[in-house]
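One file, query_17.tsv, carrying TSV, C-alpha atoms and all ligand atoms:
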```tsv
chain	number	residue	atom	x	y	z
T	207	LYS	CA	-58.36	19.91	-41.08
T	208	THR	CA	-60.92	17.30	-42.02
T	209	PRO	CA	-64.25	16.99	-40.21
T	210	THR	CA	-64.41	13.73	-38.31
T	211	LEU	CA	-67.86	13.60	-36.77
T	212	GLY	CA	-69.94	12.90	-39.89
T	213	ASN	CA	-68.81	9.34	-39.35
T	214	PRO	CA	-71.27	7.50	-37.04
T	215	GLN	CA	-68.51	5.55	-35.27
T	216	ASN	CA	-66.76	8.77	-34.21
T	217	THR	CA	-70.04	10.19	-32.99
T	218	ILE	CA	-70.70	7.11	-30.86
T	219	GLU	CA	-67.19	7.33	-29.40
T	220	ILE	CA	-67.65	10.95	-28.35
T	221	LEU	CA	-71.06	10.25	-26.84
T	222	GLN	CA	-69.62	7.37	-24.84
T	223	LYS	CA	-66.52	9.26	-23.77
T	224	TYR	CA	-68.71	11.92	-22.17
T	225	ASN	CA	-71.49	9.58	-21.13
T	226	PHE	CA	-73.92	11.88	-22.91
T	227	ASN	CA	-77.68	11.49	-22.38
T	228	PHE	CA	-79.94	12.72	-25.16
T	229	GLN	CA	-82.53	15.24	-24.03
T	230	LYS	CA	-85.82	14.85	-25.82
T	231	LYS	CA	-87.04	18.26	-24.70
T	232	PHE	CA	-84.22	19.91	-26.68
T	233	GLY	CA	-85.03	18.07	-29.91
T	234	GLN	CA	-81.66	16.35	-30.05
T	235	ASN	CA	-81.16	14.28	-33.20
T	236	PHE	CA	-77.57	14.41	-34.33
T	237	LEU	CA	-76.56	14.07	-37.96
T	238	ILE	CA	-74.46	11.02	-38.82
T	239	ASP	CA	-74.39	11.21	-42.62
T	240	GLU	CA	-71.48	12.80	-44.45
T	241	HIS	CA	-73.39	13.20	-47.72
T	242	VAL	CA	-76.14	15.16	-46.04
T	243	LEU	CA	-73.60	17.36	-44.26
T	244	ASP	CA	-71.81	18.09	-47.56
T	245	LYS	CA	-75.12	18.89	-49.19
T	246	ILE	CA	-76.08	21.39	-46.50
T	247	ILE	CA	-72.74	23.18	-46.72
T	248	ARG	CA	-72.95	23.34	-50.51
T	249	ALA	CA	-76.55	24.55	-50.50
T	250	ALA	CA	-75.63	27.33	-48.06
T	251	GLU	CA	-72.88	28.44	-50.50
T	252	ILE	CA	-70.45	29.26	-47.73
T	253	THR	CA	-67.21	30.99	-48.62
T	254	LYS	CA	-64.17	32.13	-46.65
T	255	ASP	CA	-65.71	35.63	-46.55
T	256	ASP	CA	-68.74	34.43	-44.64
T	257	TYR	CA	-69.73	34.77	-41.03
T	258	VAL	CA	-72.09	31.92	-40.12
T	259	LEU	CA	-74.44	31.55	-37.18
T	260	GLU	CA	-75.18	27.95	-36.29
T	261	ILE	CA	-78.17	27.22	-34.08
T	262	GLY	CA	-77.90	24.10	-31.92
T	263	PRO	CA	-74.48	22.58	-32.78
T	264	GLY	CA	-75.05	19.44	-30.70
T	265	ILE	CA	-71.65	17.74	-30.47
T	266	GLY	CA	-70.26	19.98	-33.23
T	267	THR	CA	-70.71	17.75	-36.26
T	268	MET	CA	-71.88	20.39	-38.73
T	269	THR	CA	-69.82	23.01	-36.92
T	270	GLN	CA	-66.63	21.26	-38.08
T	271	TYR	CA	-67.82	21.46	-41.70
T	272	LEU	CA	-68.86	25.10	-41.28
T	273	ALA	CA	-65.53	26.03	-39.69
T	274	CYS	CA	-63.68	24.58	-42.69
T	275	ALA	CA	-65.81	26.51	-45.19
T	276	ALA	CA	-66.42	29.87	-43.47
T	277	ARG	CA	-64.33	32.75	-42.17
T	278	GLU	CA	-65.92	32.63	-38.75
T	279	VAL	CA	-68.67	30.66	-37.00
T	280	THR	CA	-70.70	31.30	-33.87
T	281	ALA	CA	-72.58	28.29	-32.53
T	282	VAL	CA	-75.37	28.79	-29.98
T	283	GLU	CA	-76.22	25.71	-27.91
T	284	ILE	CA	-78.76	25.61	-25.07
T	285	ASP	CA	-77.66	22.31	-23.45
T	286	ARG	CA	-74.92	22.94	-20.90
T	287	ALA	CA	-73.89	19.27	-21.01
T	288	LEU	CA	-72.76	19.72	-24.61
T	289	ILE	CA	-70.35	22.60	-23.95
T	290	PRO	CA	-67.36	20.50	-22.75
T	291	ILE	CA	-67.95	18.16	-25.70
T	292	LEU	CA	-67.96	21.09	-28.15
T	293	GLU	CA	-64.77	22.43	-26.60
T	294	ASP	CA	-63.20	19.06	-27.29
T	295	THR	CA	-64.52	18.39	-30.82
T	296	LEU	CA	-63.80	21.95	-31.98
T	297	LYS	CA	-60.46	22.49	-30.24
T	298	GLU	CA	-58.55	22.49	-33.53
T	299	TYR	CA	-60.74	25.18	-35.06
T	300	ASP	CA	-59.73	28.70	-34.07
T	301	ASN	CA	-62.56	30.42	-35.99
T	302	VAL	CA	-65.42	29.05	-33.89
T	303	SER	CA	-67.00	30.57	-30.78
T	304	ILE	CA	-69.57	28.77	-28.70
T	305	ILE	CA	-72.33	30.49	-26.77
T	306	ASN	CA	-74.25	28.52	-24.15
T	307	GLU	CA	-77.68	30.14	-24.47
T	308	ASP	CA	-81.23	29.73	-25.72
T	309	ILE	CA	-81.17	31.05	-29.30
T	310	LEU	CA	-84.49	32.83	-28.69
T	311	LYS	CA	-82.71	34.97	-26.08
T	312	VAL	CA	-79.68	35.89	-28.17
T	313	ASP	CA	-79.41	39.37	-29.68
T	314	ILE	CA	-78.48	38.17	-33.16
T	315	ALA	CA	-78.44	41.66	-34.67
T	316	ALA	CA	-75.79	42.66	-32.11
T	317	LEU	CA	-73.82	39.53	-32.97
T	318	ALA	CA	-73.96	40.37	-36.71
T	319	LYS	CA	-72.78	43.87	-35.93
T	320	GLU	CA	-69.90	42.75	-33.77
T	321	LYS	CA	-68.75	39.82	-35.90
T	322	ASN	CA	-69.69	40.88	-39.41
T	323	GLY	CA	-69.73	44.68	-39.35
T	324	GLY	CA	-73.53	44.60	-39.72
T	325	ARG	CA	-73.30	42.93	-43.14
T	326	PRO	CA	-75.80	40.14	-43.94
T	327	ILE	CA	-75.03	36.86	-42.22
T	328	LYS	CA	-75.79	33.26	-43.15
T	329	VAL	CA	-77.65	31.03	-40.74
T	330	VAL	CA	-77.16	27.28	-41.00
T	331	ALA	CA	-78.71	24.74	-38.66
T	332	ASN	CA	-80.12	21.34	-38.07
T	333	LEU	CA	-82.93	22.89	-36.07
T	334	PRO	CA	-84.57	21.60	-32.93
T	335	TYR	CA	-88.02	20.91	-34.42
T	336	TYR	CA	-90.02	22.05	-31.40
T	337	ILE	CA	-89.13	25.70	-32.10
T	338	THR	CA	-88.62	25.81	-35.89
T	339	THR	CA	-91.25	28.45	-36.55
T	340	PRO	CA	-90.36	30.88	-33.74
T	341	ILE	CA	-86.69	30.70	-34.73
T	342	ILE	CA	-87.29	31.36	-38.42
T	343	MET	CA	-89.97	34.01	-37.95
T	344	GLY	CA	-87.87	35.65	-35.23
T	345	LEU	CA	-84.96	35.95	-37.68
T	346	PHE	CA	-87.15	37.45	-40.39
T	347	GLU	CA	-89.15	39.83	-38.22
T	348	SER	CA	-86.26	41.20	-36.22
T	349	HIS	CA	-83.75	43.51	-37.80
T	350	VAL	CA	-81.07	40.90	-38.28
T	351	PRO	CA	-79.14	41.52	-41.52
T	352	LEU	CA	-79.63	38.19	-43.22
T	353	GLU	CA	-78.52	36.69	-46.50
T	354	SER	CA	-79.92	33.19	-46.20
T	355	ILE	CA	-81.13	30.55	-43.78
T	356	THR	CA	-80.26	26.97	-44.68
T	357	VAL	CA	-81.90	24.58	-42.25
T	358	MET	CA	-82.93	21.03	-41.60
T	359	VAL	CA	-86.59	20.97	-40.60
T	360	GLN	CA	-89.41	18.48	-40.41
T	361	LYS	CA	-90.33	17.47	-43.98
T	362	GLU	CA	-93.92	18.61	-43.58
T	363	VAL	CA	-92.79	22.04	-42.39
T	364	ALA	CA	-90.44	22.41	-45.38
T	365	ASP	CA	-93.37	21.59	-47.66
T	366	ARG	CA	-95.55	24.16	-45.92
T	367	MET	CA	-92.92	26.85	-46.45
T	368	GLN	CA	-92.69	26.17	-50.17
T	369	VAL	CA	-96.27	25.69	-51.40
T	370	GLY	CA	-98.85	28.08	-52.83
T	371	PRO	CA	-102.67	28.15	-52.79
T	372	GLY	CA	-104.60	25.02	-53.67
T	373	THR	CA	-102.61	22.55	-51.57
T	374	LYS	CA	-103.39	21.21	-48.12
T	375	ASP	CA	-100.07	22.41	-46.70
T	376	TYR	CA	-100.68	26.04	-47.70
T	377	GLY	CA	-101.10	28.37	-44.75
T	378	ALA	CA	-99.89	31.35	-42.74
T	379	LEU	CA	-96.33	29.94	-42.58
T	380	SER	CA	-96.14	29.63	-46.40
T	381	LEU	CA	-97.14	33.26	-46.82
T	382	ALA	CA	-94.88	34.59	-44.09
T	383	VAL	CA	-91.82	32.74	-45.37
T	384	GLN	CA	-92.49	33.70	-49.00
T	385	TYR	CA	-92.97	37.35	-48.08
T	386	TYR	CA	-89.47	37.45	-46.64
T	387	ALA	CA	-87.60	34.87	-48.70
T	388	GLU	CA	-87.36	32.56	-51.67
T	389	PRO	CA	-87.71	28.97	-50.41
T	390	TYR	CA	-85.97	26.05	-52.07
T	391	ILE	CA	-86.01	22.46	-50.81
T	392	VAL	CA	-82.48	21.14	-51.18
T	393	ALA	CA	-82.92	17.53	-50.06
T	394	ASN	CA	-85.20	15.13	-48.28
T	395	VAL	CA	-83.47	13.38	-45.41
T	396	PRO	CA	-84.69	10.06	-43.95
T	397	PRO	CA	-84.64	9.27	-40.20
T	398	ASN	CA	-81.64	6.90	-40.49
T	399	CYS	CA	-79.32	9.88	-41.11
T	400	PHE	CA	-79.72	10.87	-37.43
T	401	MET	CA	-78.89	9.52	-34.01
T	402	PRO	CA	-81.30	8.88	-32.41
T	403	ARG	CA	-83.72	8.51	-35.32
T	404	PRO	CA	-86.53	11.08	-35.32
T	405	ALA	CA	-90.11	9.86	-35.73
T	406	VAL	CA	-90.65	12.09	-38.77
T	407	GLY	CA	-88.99	12.64	-42.13
T	408	SER	CA	-86.78	15.71	-42.52
T	409	ALA	CA	-85.79	18.08	-45.30
T	410	VAL	CA	-83.12	20.70	-45.87
T	411	ILE	CA	-84.57	23.99	-47.03
T	412	ARG	CA	-82.75	27.11	-48.09
T	413	LEU	CA	-84.52	30.43	-47.58
T	414	THR	CA	-82.83	33.21	-49.50
T	415	ARG	CA	-83.84	36.59	-48.11
T	416	HIS	CA	-85.53	38.87	-50.66
T	417	GLN	CA	-83.67	42.15	-51.18
T	418	LYS	CA	-87.11	43.71	-51.15
T	419	PRO	CA	-90.47	42.00	-50.51
T	420	PRO	CA	-92.10	40.63	-53.69
T	421	VAL	CA	-95.33	42.58	-53.01
T	422	GLU	CA	-95.98	46.14	-51.94
T	423	VAL	CA	-98.04	46.37	-48.81
T	424	MET	CA	-98.99	49.52	-46.92
T	425	ASP	CA	-99.13	47.84	-43.52
T	426	GLU	CA	-97.20	44.61	-42.96
T	427	LYS	CA	-98.66	44.01	-39.53
T	428	LEU	CA	-102.21	44.35	-40.84
T	429	MET	CA	-101.44	41.90	-43.66
T	430	PHE	CA	-100.18	39.26	-41.24
T	431	ARG	CA	-103.23	39.80	-39.03
T	432	LEU	CA	-105.47	39.27	-42.05
T	433	ILE	CA	-103.53	36.15	-43.00
T	434	ARG	CA	-103.75	34.68	-39.50
T	435	ALA	CA	-107.48	35.43	-39.30
T	436	SER	CA	-108.10	33.79	-42.69
T	437	PHE	CA	-106.34	30.59	-41.77
T	438	ASN	CA	-107.57	30.35	-38.19
T	439	GLN	CA	-110.84	29.07	-39.54
T	440	ARG	CA	-109.79	27.15	-42.59
T	441	ARG	CA	-113.14	25.78	-43.59
T	442	LYS	CA	-114.93	29.10	-43.31
T	443	THR	CA	-115.15	31.75	-46.01
T	444	LEU	CA	-112.66	34.60	-46.00
T	445	ALA	CA	-115.47	36.98	-45.01
T	446	ASN	CA	-116.38	34.92	-41.94
T	447	GLY	CA	-112.76	34.38	-40.97
T	448	LEU	CA	-112.14	38.11	-40.96
T	449	LYS	CA	-115.41	38.87	-39.22
T	450	ASN	CA	-114.78	36.40	-36.40
T	451	SER	CA	-111.23	37.51	-35.76
T	452	GLY	CA	-110.75	38.96	-32.31
T	453	GLU	CA	-107.68	41.00	-33.21
T	454	LEU	CA	-109.04	42.73	-36.33
T	455	ASN	CA	-112.30	44.41	-35.39
T	456	LEU	CA	-113.49	45.11	-38.94
T	457	SER	CA	-117.13	45.78	-39.78
T	458	LYS	CA	-119.09	43.44	-42.01
T	459	GLU	CA	-119.52	46.24	-44.55
T	460	VAL	CA	-115.79	46.97	-44.79
T	461	ILE	CA	-115.04	43.27	-45.26
T	462	THR	CA	-117.68	42.68	-47.93
T	463	ALA	CA	-116.68	45.78	-49.87
T	464	ALA	CA	-112.98	44.86	-49.70
T	465	ILE	CA	-113.51	41.32	-50.98
T	466	GLU	CA	-115.61	42.64	-53.83
T	467	LYS	CA	-112.97	45.23	-54.70
T	468	LEU	CA	-110.39	42.48	-54.73
T	469	GLY	CA	-112.47	40.89	-57.49
T	470	LYS	CA	-113.50	37.80	-55.51
T	471	GLY	CA	-116.91	36.29	-54.86
T	472	SER	CA	-118.42	36.44	-51.38
T	473	SER	CA	-117.84	32.71	-50.84
T	474	VAL	CA	-114.09	32.80	-51.50
T	475	ARG	CA	-111.94	31.07	-48.88
T	476	GLY	CA	-108.78	32.60	-47.46
T	477	GLU	CA	-106.76	29.59	-48.51
T	478	ALA	CA	-107.46	30.46	-52.18
T	479	LEU	CA	-105.59	33.77	-51.97
T	480	ASP	CA	-101.95	34.10	-52.88
T	481	LEU	CA	-99.46	36.56	-51.39
T	482	GLU	CA	-100.13	39.21	-54.00
T	483	GLU	CA	-103.87	39.03	-53.27
T	484	PHE	CA	-103.35	39.25	-49.51
T	485	ALA	CA	-101.20	42.33	-50.10
T	486	ARG	CA	-103.88	43.90	-52.27
T	487	LEU	CA	-106.61	43.05	-49.77
T	488	THR	CA	-104.51	44.69	-47.04
T	489	ASN	CA	-104.08	47.86	-49.08
T	490	ILE	CA	-107.82	48.01	-49.87
T	491	ILE	CA	-108.79	47.57	-46.21
T	492	LYS	CA	-106.16	50.05	-45.06
T	493	GLU	CA	-107.59	52.67	-47.43
T	494	GLU	CA	-111.14	51.92	-46.33
T	495	MET	CA	-110.15	52.33	-42.69
T	496	GLU	CA	-108.67	55.78	-43.29
Z	1	LIG	N1	-76.32	20.39	-35.18
Z	1	LIG	C1	-76.30	19.11	-34.53
Z	1	LIG	C2	-76.30	18.02	-35.58
Z	1	LIG	O1	-76.72	18.30	-36.70
Z	1	LIG	O2	-75.91	16.90	-35.27
Z	1	LIG	C3	-77.48	18.95	-33.56
Z	1	LIG	C4	-78.86	19.17	-34.11
Z	1	LIG	S1	-80.17	18.78	-33.01
Z	1	LIG	C5	-81.48	18.49	-34.14
Z	1	LIG	C6	-80.69	20.34	-32.32
Z	1	LIG	C7	-79.71	20.99	-31.35
Z	1	LIG	O3	-80.26	22.23	-30.91
Z	1	LIG	C8	-79.44	20.19	-30.10
Z	1	LIG	O4	-78.07	20.16	-29.84
Z	1	LIG	C9	-80.18	20.95	-28.99
Z	1	LIG	O5	-79.61	20.79	-27.71
Z	1	LIG	C10	-80.10	22.36	-29.50
Z	1	LIG	N2	-81.17	23.27	-29.02
Z	1	LIG	C11	-82.43	22.95	-28.68
Z	1	LIG	N3	-83.12	24.04	-28.32
Z	1	LIG	C12	-82.28	25.09	-28.43
Z	1	LIG	C13	-82.40	26.49	-28.18
Z	1	LIG	N4	-83.56	27.02	-27.74
Z	1	LIG	N5	-81.32	27.28	-28.38
Z	1	LIG	C14	-80.14	26.75	-28.82
Z	1	LIG	N6	-79.98	25.43	-29.07
Z	1	LIG	C15	-81.02	24.61	-28.88
```
Take the structure from the file and write it as structure tokens.
Ligand code: SAM
Amino acid sequence: KTPTLGNPQNTIEILQKYNFNFQKKFGQNFLIDEHVLDKIIRAAEITKDDYVLEIGPGIGTMTQYLACAAREVTAVEIDRALIPILEDTLKEYDNVSIINEDILKVDIAALAKEKNGGRPIKVVANLPYYITTPIIMGLFESHVPLESITVMVQKEVADRMQVGPGTKDYGALSLAVQYYAEPYIVANVPPNCFMPRPAVGSAVIRLTRHQKPPVEVMDEKLMFRLIRASFNQRRKTLANGLKNSGELNLSKEVITAAIEKLGKGSSVRGEALDLEEFARLTNIIKEEME
């Protein structure tokens, strides 16, 4: 079997055959570039042993490529109007199942258990951009056994996931992603590779799940609260960010002592700290609180 939908003409034909109307609210921009599709599949390193979860298959373009490369694919699509189209474009592939559901409501851990014996799964998607962060953080924070996530996202979001301190894109998302995974930008993808064209540039990023987090932290939840508080008020000092945080409730004394113990000056900003320093700060504060 050879995938047919990477070709724009075939995509147009299918859309016309079903009189399909694009829904902006679902972030529908379908891929129409064979090179990009090949690149995604290669970056995800899919083999015939793999079970793949695809989020938002659209008309099934990437699904055809995934079905050729993987052992089994589950594709979760929210838009009911796309289901008859998917049944048509994927009818020759007997290793694909389609679920008509909102991905945020799917029990992915149960799916991994049922379809992959609980072994780590690969997630591949051209994501709907309006829910990129909840999807990715949901995958990391839940107990889904995960090997890697290879996804198309907005270029700026891919940059944010990959950078460290000292750049304008650095923030809570960078730290969260890097705590759970090793990010690698595979390709930048211009708007003309999609139909309709999105208003922003896109990038494919591969997030390879760490076997074990790169830093040791006594309380993960506390660390992420500290991170959020530090970046909520970007222009303020770390001390003020932590002091003004509603969810933390730390005394001025605890904060000042912790920053000093970390080896930083009182005017240090949160955005200057790397993951290792946030982990250390968390451990210091945790000990002070006990
Ligand atoms: N994979 C297709 C491709 O590359 O051509 C389509 C990608 S398009 C950017 C995003 C897809 O995700 C759309 O088909 C959209 O309907 C679907 N989608 C949007 N929100 C979703 C959600 N909450 N759960 C599952 N699918 C969703």
Mind checking which residues fall within 6 Å of stretch 360-366 of chain T, counting only C-alpha atoms, ignoring those fewer than 5 positions away in the same chain, and posting them as JSON, numbers by chain?
{"T": [375, 376, 380, 407, 408, 409]}
In Å to one decimal, how far is atom CA of T:Ala316 from atom CA of T:Lys231?
27.9 Å
Ligand LIG 1 (chain Z) neighbours within 6 Å using all atoms listed in the file, as a PDB file with C-alpha atoms, in the frame of the given file:
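Result file part.pdb:
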```pdb
ATOM      1  CA  PHE T 232     -84.220  19.910 -26.680  1.00  0.00           C
ATOM      2  CA  GLY T 233     -85.030  18.070 -29.910  1.00  0.00           C
ATOM      3  CA  GLN T 234     -81.660  16.350 -30.050  1.00  0.00           C
ATOM      4  CA  ASN T 235     -81.160  14.280 -33.200  1.00  0.00           C
ATOM      5  CA  PHE T 236     -77.570  14.410 -34.330  1.00  0.00           C
ATOM      6  CA  LEU T 237     -76.560  14.070 -37.960  1.00  0.00           C
ATOM      7  CA  ILE T 261     -78.170  27.220 -34.080  1.00  0.00           C
ATOM      8  CA  GLY T 262     -77.900  24.100 -31.920  1.00  0.00           C
ATOM      9  CA  PRO T 263     -74.480  22.580 -32.780  1.00  0.00           C
ATOM     10  CA  GLY T 264     -75.050  19.440 -30.700  1.00  0.00           C
ATOM     11  CA  THR T 267     -70.710  17.750 -36.260  1.00  0.00           C
ATOM     12  CA  MET T 268     -71.880  20.390 -38.730  1.00  0.00           C
ATOM     13  CA  VAL T 282     -75.370  28.790 -29.980  1.00  0.00           C
ATOM     14  CA  GLU T 283     -76.220  25.710 -27.910  1.00  0.00           C
ATOM     15  CA  ILE T 284     -78.760  25.610 -25.070  1.00  0.00           C
ATOM     16  CA  ASP T 285     -77.660  22.310 -23.450  1.00  0.00           C
ATOM     17  CA  ASP T 308     -81.230  29.730 -25.720  1.00  0.00           C
ATOM     18  CA  ILE T 309     -81.170  31.050 -29.300  1.00  0.00           C
ATOM     19  CA  LEU T 310     -84.490  32.830 -28.690  1.00  0.00           C
ATOM     20  CA  ASN T 332     -80.120  21.340 -38.070  1.00  0.00           C
ATOM     21  CA  LEU T 333     -82.930  22.890 -36.070  1.00  0.00           C
ATOM     22  CA  PRO T 334     -84.570  21.600 -32.930  1.00  0.00           C
TER      23      PRO T 334
END
```
List every residue of stretch 376-423 of chain T that has an atom at most 10 Å from any atom of stretch 240-256 of chain T, and for each one report the closest atom pair and its distance in Å to one decimal, counting all atoms listed in the file, with rows sorted by chain and then by increasing residue number, as JSON lines.
```
{"residue": "T:Tyr390", "atom": "CA", "partner": "T:Ala249", "partner_atom": "CA", "distance": 9.7}
{"residue": "T:Ile391", "atom": "CA", "partner": "T:Ala249", "partner_atom": "CA", "distance": 9.7}
{"residue": "T:Val392", "atom": "CA", "partner": "T:Ala249", "partner_atom": "CA", "distance": 6.9}
{"residue": "T:Ala393", "atom": "CA", "partner": "T:Lys245", "partner_atom": "CA", "distance": 8.0}
{"residue": "T:Asn394", "atom": "CA", "partner": "T:Val242", "partner_atom": "CA", "distance": 9.3}
{"residue": "T:Val395", "atom": "CA", "partner": "T:Val242", "partner_atom": "CA", "distance": 7.6}
{"residue": "T:Cys399", "atom": "CA", "partner": "T:Val242", "partner_atom": "CA", "distance": 7.9}
{"residue": "T:Val410", "atom": "CA", "partner": "T:Ile246", "partner_atom": "CA", "distance": 7.1}
{"residue": "T:Ile411", "atom": "CA", "partner": "T:Ala249", "partner_atom": "CA", "distance": 8.8}
{"residue": "T:Arg412", "atom": "CA", "partner": "T:Ala250", "partner_atom": "CA", "distance": 7.1}
{"residue": "T:Leu413", "atom": "CA", "partner": "T:Ala250", "partner_atom": "CA", "distance": 9.4}
{"residue": "T:Thr414", "atom": "CA", "partner": "T:Ala250", "partner_atom": "CA", "distance": 9.4}
```
Would you export the selected residues with C-alpha atoms as an mmCIF file, keeping the file's coordinate frame, please?
```
data_model
loop_
_atom_site.group_PDB
_atom_site.id
_atom_site.type_symbol
_atom_site.label_atom_id
_atom_site.label_comp_id
_atom_site.auth_asym_id
_atom_site.auth_seq_id
_atom_site.Cartn_x
_atom_site.Cartn_y
_atom_site.Cartn_z
ATOM 1 C CA TYR T 390 -85.970 26.050 -52.070
ATOM 2 C CA ILE T 391 -86.010 22.460 -50.810
ATOM 3 C CA VAL T 392 -82.480 21.140 -51.180
ATOM 4 C CA ALA T 393 -82.920 17.530 -50.060
ATOM 5 C CA ASN T 394 -85.200 15.130 -48.280
ATOM 6 C CA VAL T 395 -83.470 13.380 -45.410
ATOM 7 C CA CYS T 399 -79.320 9.880 -41.110
ATOM 8 C CA VAL T 410 -83.120 20.700 -45.870
ATOM 9 C CA ILE T 411 -84.570 23.990 -47.030
ATOM 10 C CA ARG T 412 -82.750 27.110 -48.090
ATOM 11 C CA LEU T 413 -84.520 30.430 -47.580
ATOM 12 C CA THR T 414 -82.830 33.210 -49.500
#
```
Write out as a short mmCIF file (atom, residue, chain, number, x, y, z; two decimals) with C-alpha atoms, in the frame of the given file the residues lying within 9 Å of T:Ala318, counting all atoms listed in the file and excluding same-chain residues fewer than 3 positions away.
```
data_model
loop_
_atom_site.label_atom_id
_atom_site.label_comp_id
_atom_site.auth_asym_id
_atom_site.auth_seq_id
_atom_site.Cartn_x
_atom_site.Cartn_y
_atom_site.Cartn_z
CA TYR T 257 -69.73 34.77 -41.03
CA LEU T 259 -74.44 31.55 -37.18
CA ASP T 313 -79.41 39.37 -29.68
CA ILE T 314 -78.48 38.17 -33.16
CA ALA T 315 -78.44 41.66 -34.67
CA LYS T 321 -68.75 39.82 -35.90
CA ASN T 322 -69.69 40.88 -39.41
CA GLY T 323 -69.73 44.68 -39.35
CA GLY T 324 -73.53 44.60 -39.72
CA ARG T 325 -73.30 42.93 -43.14
CA PRO T 326 -75.80 40.14 -43.94
CA ILE T 327 -75.03 36.86 -42.22
CA VAL T 350 -81.07 40.90 -38.28
CA PRO T 351 -79.14 41.52 -41.52
CA LEU T 352 -79.63 38.19 -43.22
#
```
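Note that atom CA of T:Gln439 and atom CA of T:Arg475 are 9.6 Å apart.
Proximity to T:Val329 was assessed for T:Thr356, T:Ser303, T:Ser348, T:Thr210 counting only C-alpha atoms; the smallest distance is recorded for T:Thr356.
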Proximity to T:Glu453 - best of T:Lys427, T:Gln270, T:Tyr385, T:Arg440, all atoms listed in the file
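That would be T:Lys427, the residue with the smallest distance to T:Glu453.
The spacing separating atom CA of T:Ser473 from atom CA of T:Thr443 amounts to 5.6 Å.
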For T:Ala382, work out the shell of residues within 9 Å, counting only C-alpha atoms and skipping chain neighbours fewer than 5 positions away, then give it as a list in words.
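In the requested format, the answer is Met343, Met367, Gly377, Ala387, Phe430, Ile433 and Leu481 of chain T.
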T:Glu494, T:Cys274, T:Pro214, T:Val359: which is nearest T:Ile238, counting only C-alpha atoms?
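Of T:Glu494, T:Cys274, T:Pro214, T:Val359, the one nearest T:Ile238, counting only C-alpha atoms, is T:Pro214.
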Pick from T:Ala287, T:Ala478, T:Ile220, T:Leu487: nearest to T:Lys374, with all atoms listed in the file counted?
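So, comparing all the options, the nearest one is T:Ala478.
Nearest to T:Asn489 of all the residues T:Asp294, T:Glu459, T:Asp425, T:Glu320 is T:Asp425, based on all atoms listed in the file.
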Answer as JSON, numbers by chain, residues within 12 Å of (-106.4, 50.2, -43.5) using all atoms listed in the file:
{"T": [423, 424, 425, 426, 427, 428, 429, 431, 432, 454, 455, 456, 460, 461, 464, 485, 486, 487, 488, 489, 490, 491, 492, 493, 494, 495, 496]}
Using all atoms listed in the file, find the one residue out of T:Ala463, T:Asn227, T:Asp239, T:Gln368 that sits nearest to T:Asn398.
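Once distances to T:Asn398 are computed over all atoms listed in the file, the minimum belongs to T:Asp239.
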